[in-house]
Amino acid sequence: MIPIIEVQQIQKKYKSLTAVSGLDLSIPEGICFGLLGPNGAGKTTLIEIMEDIIPPTSGEVLYKGKARSDAFRQDIGIMFQQTALLSFMTVRETLETFQKLYRKPAEIDSLIEQCALGDITEQMNDKISGGQRQRLLMALSLVNQPKLLFLDEPTTGLDPQARRNLWDLVNAIKKEGKTVILTTHYMEEAEFLCDEIAIMDQGRIIARGSPESLIKTHCRRARLKIPKRNFTGAPIKLPMPFISENDHIEIPVDDINDAIGELMAQGIPLNDMFVITPNLESVFLNLTGKRLRD
Amino acid sequence: MNLKRLWVIFKARNYEFFRDRAAFGWNFLFPFLLIAGFALIFGGQDRPEYKIGVFPMAVGKPVVEELQIPAELKKNPQVEFIGLPSMDLGLEKLRHHKIDLLLETGESTFRYWVSDSSPKGYTSEQMLMASLIPPSASELITKSEIHGREIRYIEWLFPGILGMNMMFSALYGVGYTVVRYRKLGVLKRLKATPLTAFEYLSAQVLSRIFLLMFTFLIVWFGCHLIFSFNLEGSLMDLFIVYSLGGACLSSIGLVVAARGISEEFANGVLNFISWPMMFLSEVWFSIEGAPEWLKGAATLFPLTHILTGARKIMNDGVGLADVGVELMVLSAMTMAFLLIGAALFSWNK
């Protein structure tokens, strides 16, 4: 099956800085694809090259197997990380203005309902809250009924409730069969929304797969975190390798049940023990030695 | 080009203009205040400089010592003498407030002309009288009248004020706004749509022309009501000259707005363009006595051609055919600036 969008040997240089470094990527239709990486990894540059907002220094982008034509803009929806809107317009007028720029636009009222904008349609677009603004930007990205939707860090700066609302909205869009390409540096967002993920660092993709497969491949081991006060003798002696931190120790384990059985056999109390299961943050840490939000 | 998209952006820009109450009000109030202020100021006593045309002699700045005019007048530091070859040319310049007094040179007697409506005319006349020593010498001088209708100073000034208001509104309304939109990311958001750069830029220029002419009509009728101007030519002709002028000035705004995200830089460039244009295009005062190269430089500014055309229509009652040169220059400049602006335009930062 032809991927909905494909980038071939894309490179983007800003003077001496290489933001994207000779990258290949193909994204199948109908999935939610996440580009995960820390600030400065090159996610926004890559997504803006795919959107045809900035040109690459070299390489090619194909949409449905062909070079992008003028019709590409009729098919895509974009929610930028940072954007301002035309001034002195209400939310409804803003939607209507953008709607009229397209050949096959969506119904404004259904967009308003879908993005929960009903209470603010007559408010000026710069007099609404952060969460409402993100929902308006999402509605604008859907105004042309796009086949391919780009969301660049859609929940950055939102409170947990507003973030959760936006996730629900993205999930609803996914169910309509649209392809979503999402950048984020929130691993829980990527795990919750994405069918497939590419982890970016320093302009390159360093791993790719479903969230589960990435965790399985790159970070199989869970960790047991036990307070040091649970141990009587010093130094602490255990039949397995462990890492001593300030007031606790961390034991990397392949099988949690076996490890707990062994600790209990040694008579070590397990009060206040935490089991840390691997996640994408651990994958990223394992692959790069850095945390996602560094 | 898709007219529907152009119309949508045209409307959006107009919303911005009409809904920004403070800026909207200022656009109308500013020219009223200027005209009222100048009417008031020119009733006062402070006269910094007076231009006296002397004829017959070669055009340009004469050697003052060689002039056959009252000796005391030659010594007056506030007076600038402008040589003129004929009385007809002198009278035309006097009628258009390019000089404040016209004096015919002579060995023993002098004739002079002065416009009663000129704010500087009366003082120039008093200076001339005071220079005749002894006072009995005043018998040697004869005052003559200007034939035909005199142009009131305010009627000469008004087209300039309208043009200046239009210049600032066009340059900043297009140049500054587009740079601000680029900086804020509005242009980037629009680039993500099927809207083309040509459609966007055309909408900006057309919207600005519409708003300029809307302002023009309001200010025109408002000022006419207060100051009761005499319009010798046709209002429609005047409207056409200002419309074309608005298009030309807006297209200069596009060139300034073509690149960059620094509002400060755009502001600097706009100041660099607008201030010399304002002073050299005879908005406030005539540059009749200025060096020839400066007069030549003034023709590079579209406002010079707008005001020449507008004053010919308003003050001299000529038709469009008589301002054909001005219209052609403005059309050529508009086309050139539009092409340069469109070629250089970038949506991105």
# chains A, B, ... in the order shown; residues from 1 in each chain; ligands from 1
call {"tool": "interface_residues", "arguments": {"of": "chain A", "to": "chain B", "cutoff": "9 Å", "atoms": "only C-alpha atoms", "output": "ChimeraX atom specification"}}
result
/A:51-54,70-74,76-80,82-89,93-94,97-98,100-102
call {"tool": "residues_around", "arguments": {"residues": "Lys237 in chain A", "least_positions_apart": "6", "cutoff": "12 Å", "atoms": "only C-alpha atoms", "output": "list of chain:residue names"}}
result
A:Lys228, A:Phe231, A:Ile243, A:Ser244, A:Ile249, A:Leu263, A:Gln266, A:Ile268
call {"tool": "closest_residue", "arguments": {"among": "A:Ala116, A:Leu149, A:Leu95, A:Ile47", "to": "Glu176 in chain A", "atoms": "only C-alpha atoms"}}
result
A:Leu149
call {"tool": "closest_residue", "arguments": {"among": "B:Ala203, B:Met164, B:Cys248, B:Val329", "to": "Glu282 in chain B", "atoms": "only C-alpha atoms"}}
result
B:Met164
call {"tool": "atom_distance", "arguments": {"atom1": "CA of Glu245 in chain A", "atom2": "CA of Glu281 in chain A"}}
result
19.2 Å
call {"tool": "atom_distance", "arguments": {"atom1": "CA of Gly324 in chain B", "atom2": "CA of Thr304 in chain B"}}
result
14.2 Å
call {"tool": "residues_around", "arguments": {"residues": "Val205 in chain B", "least_positions_apart": "6", "cutoff": "9 Å", "atoms": "only C-alpha atoms", "output": "number ranges by chain"}}
result
B: 10, 170, 174, 246-247, 250-251, 253-254
call {"tool": "residues_around", "arguments": {"residues": "range 95-104 of chain B", "least_positions_apart": "4", "cutoff": "9 Å", "atoms": "only C-alpha atoms", "output": "JSON list (two decimals) with N, CA and C atoms, in the first residue's frame"}}
result
[["chain", "number", "residue", "atom", "x", "y", "z"],
["B", 50, "TYR", "N", 9.98, 83.96, 4.50],
["B", 50, "TYR", "CA", 9.09, 84.56, 3.49],
["B", 50, "TYR", "C", 9.77, 84.48, 2.14],
["B", 51, "LYS", "N", 8.96, 84.08, 1.13],
["B", 51, "LYS", "CA", 9.52, 83.96, -0.21],
["B", 51, "LYS", "C", 8.97, 85.11, -1.07],
["B", 52, "ILE", "N", 9.87, 85.91, -1.61],
["B", 52, "ILE", "CA", 9.46, 87.01, -2.48],
["B", 52, "ILE", "C", 10.00, 86.74, -3.88],
["B", 53, "GLY", "N", 9.06, 86.67, -4.81],
["B", 53, "GLY", "CA", 9.45, 86.46, -6.20],
["B", 53, "GLY", "C", 9.76, 87.80, -6.84],
["B", 54, "VAL", "N", 10.88, 87.88, -7.57],
["B", 54, "VAL", "CA", 11.23, 89.14, -8.26],
["B", 54, "VAL", "C", 11.36, 88.88, -9.75],
["B", 55, "PHE", "N", 10.81, 89.80, -10.54],
["B", 55, "PHE", "CA", 10.89, 89.64, -12.00],
["B", 55, "PHE", "C", 11.10, 91.02, -12.64],
["B", 56, "PRO", "N", 11.53, 91.11, -13.84],
["B", 56, "PRO", "CA", 11.96, 90.02, -14.72],
["B", 56, "PRO", "C", 13.44, 89.70, -14.49],
["B", 68, "GLN", "N", 17.41, 95.18, -8.13],
["B", 68, "GLN", "CA", 16.95, 96.58, -8.10],
["B", 68, "GLN", "C", 15.65, 96.63, -7.32],
["B", 69, "ILE", "N", 15.83, 96.51, -6.02],
["B", 69, "ILE", "CA", 14.68, 96.53, -5.11],
["B", 69, "ILE", "C", 15.09, 97.39, -3.91],
["B", 82, "ILE", "N", 13.37, 84.88, -4.99],
["B", 82, "ILE", "CA", 13.32, 83.87, -6.05],
["B", 82, "ILE", "C", 13.17, 84.60, -7.39],
["B", 87, "MET", "N", 6.02, 88.14, -15.43],
["B", 87, "MET", "CA", 4.97, 88.45, -14.49],
["B", 87, "MET", "C", 3.94, 87.31, -14.43],
["B", 90, "GLY", "N", 5.12, 84.59, -12.35],
["B", 90, "GLY", "CA", 5.12, 85.06, -10.96],
["B", 90, "GLY", "C", 3.73, 85.03, -10.37],
["B", 91, "LEU", "N", 2.75, 85.46, -11.14],
["B", 91, "LEU", "CA", 1.37, 85.48, -10.64],
["B", 91, "LEU", "C", 0.84, 84.06, -10.40],
["B", 109, "THR", "N", 10.83, 103.00, -9.25],
["B", 109, "THR", "CA", 9.51, 102.58, -8.75],
["B", 109, "THR", "C", 9.39, 101.07, -8.85],
["B", 110, "PHE", "N", 8.56, 100.55, -7.98],
["B", 110, "PHE", "CA", 8.36, 99.10, -7.94],
["B", 110, "PHE", "C", 6.87, 98.81, -7.94],
["B", 111, "ARG", "N", 6.52, 97.67, -8.58],
["B", 111, "ARG", "CA", 5.13, 97.20, -8.47],
["B", 111, "ARG", "C", 5.19, 95.89, -7.69],
["B", 112, "TYR", "N", 4.18, 95.63, -6.89],
["B", 112, "TYR", "CA", 4.16, 94.33, -6.21],
["B", 112, "TYR", "C", 2.74, 93.77, -6.20],
["B", 113, "TRP", "N", 2.68, 92.46, -6.03],
["B", 113, "TRP", "CA", 1.39, 91.74, -5.96],
["B", 113, "TRP", "C", 1.43, 90.89, -4.69],
["B", 114, "VAL", "N", 0.33, 90.82, -4.06],
["B", 114, "VAL", "CA", 0.28, 89.99, -2.87],
["B", 114, "VAL", "C", -1.11, 89.36, -2.79],
["B", 115, "SER", "N", -1.17, 88.12, -2.33],
["B", 115, "SER", "CA", -2.45, 87.44, -2.19],
["B", 115, "SER", "C", -3.03, 87.75, -0.82],
["B", 118, "SER", "N", -3.19, 84.80, 1.50],
["B", 118, "SER", "CA", -1.97, 84.10, 1.90],
["B", 118, "SER", "C", -1.62, 84.45, 3.34],
["B", 119, "PRO", "N", -1.37, 83.41, 4.17],
["B", 119, "PRO", "CA", -1.05, 83.70, 5.56],
["B", 119, "PRO", "C", 0.24, 84.49, 5.71],
["B", 120, "LYS", "N", 1.16, 84.39, 4.75],
["B", 120, "LYS", "CA", 2.42, 85.12, 4.86],
["B", 120, "LYS", "C", 2.42, 86.39, 4.02],
["B", 121, "GLY", "N", 1.40, 86.54, 3.20],
["B", 121, "GLY", "CA", 1.37, 87.66, 2.27],
["B", 121, "GLY", "C", 1.35, 89.01, 2.96],
["B", 122, "TYR", "N", 0.52, 89.12, 3.98],
["B", 122, "TYR", "CA", 0.37, 90.41, 4.66],
["B", 122, "TYR", "C", 1.69, 90.84, 5.28],
["B", 123, "THR", "N", 2.35, 89.89, 5.96],
["B", 123, "THR", "CA", 3.62, 90.24, 6.62],
["B", 123, "THR", "C", 4.67, 90.59, 5.59],
["B", 124, "SER", "N", 4.70, 89.86, 4.50],
["B", 124, "SER", "CA", 5.68, 90.17, 3.44],
["B", 124, "SER", "C", 5.46, 91.60, 2.95],
["B", 125, "GLU", "N", 4.20, 91.95, 2.81],
["B", 125, "GLU", "CA", 3.86, 93.30, 2.34],
["B", 125, "GLU", "C", 4.35, 94.35, 3.35],
["B", 146, "ILE", "N", -4.29, 90.83, -8.09],
["B", 146, "ILE", "CA", -4.24, 89.59, -8.87],
["B", 146, "ILE", "C", -5.58, 89.45, -9.56],
["B", 149, "ARG", "N", -9.78, 84.32, -9.67],
["B", 149, "ARG", "CA", -10.08, 83.91, -8.31],
["B", 149, "ARG", "C", -8.81, 83.55, -7.56],
["B", 150, "GLU", "N", -8.73, 84.03, -6.34],
["B", 150, "GLU", "CA", -7.58, 83.67, -5.53],
["B", 150, "GLU", "C", -7.79, 82.31, -4.90],
["B", 151, "ILE", "N", -6.71, 81.58, -4.70],
["B", 151, "ILE", "CA", -6.79, 80.28, -4.02],
["B", 151, "ILE", "C", -6.47, 80.52, -2.56],
["B", 152, "ARG", "N", -7.43, 80.20, -1.70],
["B", 152, "ARG", "CA", -7.15, 80.37, -0.27],
["B", 152, "ARG", "C", -6.07, 79.39, 0.14],
["B", 153, "TYR", "N", -5.28, 79.81, 1.11],
["B", 153, "TYR", "CA", -4.17, 78.95, 1.53],
["B", 153, "TYR", "C", -4.67, 77.58, 1.97],
["B", 156, "TRP", "N", -5.12, 75.30, -0.78],
["B", 156, "TRP", "CA", -3.84, 74.78, -1.30],
["B", 156, "TRP", "C", -3.33, 73.68, -0.36],
["B", 285, "PHE", "N", 4.58, 72.98, 2.53],
["B", 285, "PHE", "CA", 5.12, 74.23, 1.98],
["B", 285, "PHE", "C", 5.72, 73.96, 0.61],
["B", 286, "SER", "N", 5.84, 75.00, -0.13],
["B", 286, "SER", "CA", 6.40, 74.89, -1.47],
["B", 286, "SER", "C", 7.92, 74.74, -1.39],
["B", 287, "ILE", "N", 8.48, 73.97, -2.32],
["B", 287, "ILE", "CA", 9.95, 73.88, -2.36],
["B", 287, "ILE", "C", 10.47, 74.69, -3.55],
["B", 288, "GLU", "N", 9.72, 75.73, -3.86],
["B", 288, "GLU", "CA", 10.04, 76.55, -5.02],
["B", 288, "GLU", "C", 11.47, 77.09, -4.97],
["B", 289, "GLY", "N", 11.91, 77.50, -3.78],
["B", 289, "GLY", "CA", 13.23, 78.10, -3.67],
["B", 289, "GLY", "C", 14.34, 77.07, -3.49],
["B", 311, "ARG", "N", -3.96, 69.14, -6.84],
["B", 311, "ARG", "CA", -4.06, 70.61, -6.76],
["B", 311, "ARG", "C", -4.47, 71.22, -8.09],
["B", 315, "ASN", "N", -7.57, 73.25, -7.46],
["B", 315, "ASN", "CA", -7.34, 74.70, -7.48],
["B", 315, "ASN", "C", -7.48, 75.32, -8.87]]
call {"tool": "select_by_dssp", "arguments": {"residues": "range 12-196 of chain A", "states": "strand (DSSP E)", "output": "VMD selection string"}}
result
chain A and resid 12 to 14 17 to 27 32 to 36 58 to 63 66 to 67 76 to 79 148 to 152 179 to 184 196
call {"tool": "residues_around", "arguments": {"residues": "Glu191 in chain A", "least_positions_apart": "6", "cutoff": "10 Å", "atoms": "only C-alpha atoms", "output": "list of chain:residue names"}}
result
A:Gly34, A:Ile197, A:Ser210, A:Pro211, A:Glu212, A:Asn279, A:Leu280
call {"tool": "closest_residue", "arguments": {"among": "B:Thr215, B:Thr177, B:Gln126, B:Gln78", "to": "Phe24 in chain B", "atoms": "only C-alpha atoms"}}
result
B:Thr215
call {"tool": "closest_residue", "arguments": {"among": "B:Asp316, B:His224, B:Trp293, B:Trp275", "to": "Ala36 in chain B", "atoms": "only C-alpha atoms"}}
result
B:His224
call {"tool": "residues_around", "arguments": {"residues": "Ile181 in chain A", "least_positions_apart": "2", "cutoff": "8 Å", "atoms": "only C-alpha atoms", "output": "PyMOL selection string"}}
result
chain A and resi 32-35+148-151+179+183
call {"tool": "select_by_dssp", "arguments": {"residues": "range 125-311 of chain B", "states": "alpha helix (DSSP H)", "output": "PyMOL selection string"}}
result
chain B and resi 125-130+153-170+177-184+186-191+197-227+235-257+263-280+292-298+302-311
call {"tool": "residues_around", "arguments": {"residues": "Val255 in chain B", "least_positions_apart": "3", "cutoff": "9 Å", "atoms": "only C-alpha atoms", "output": "number ranges by chain"}}
result
B: 175, 250-252, 258-259, 337-342, 344-345
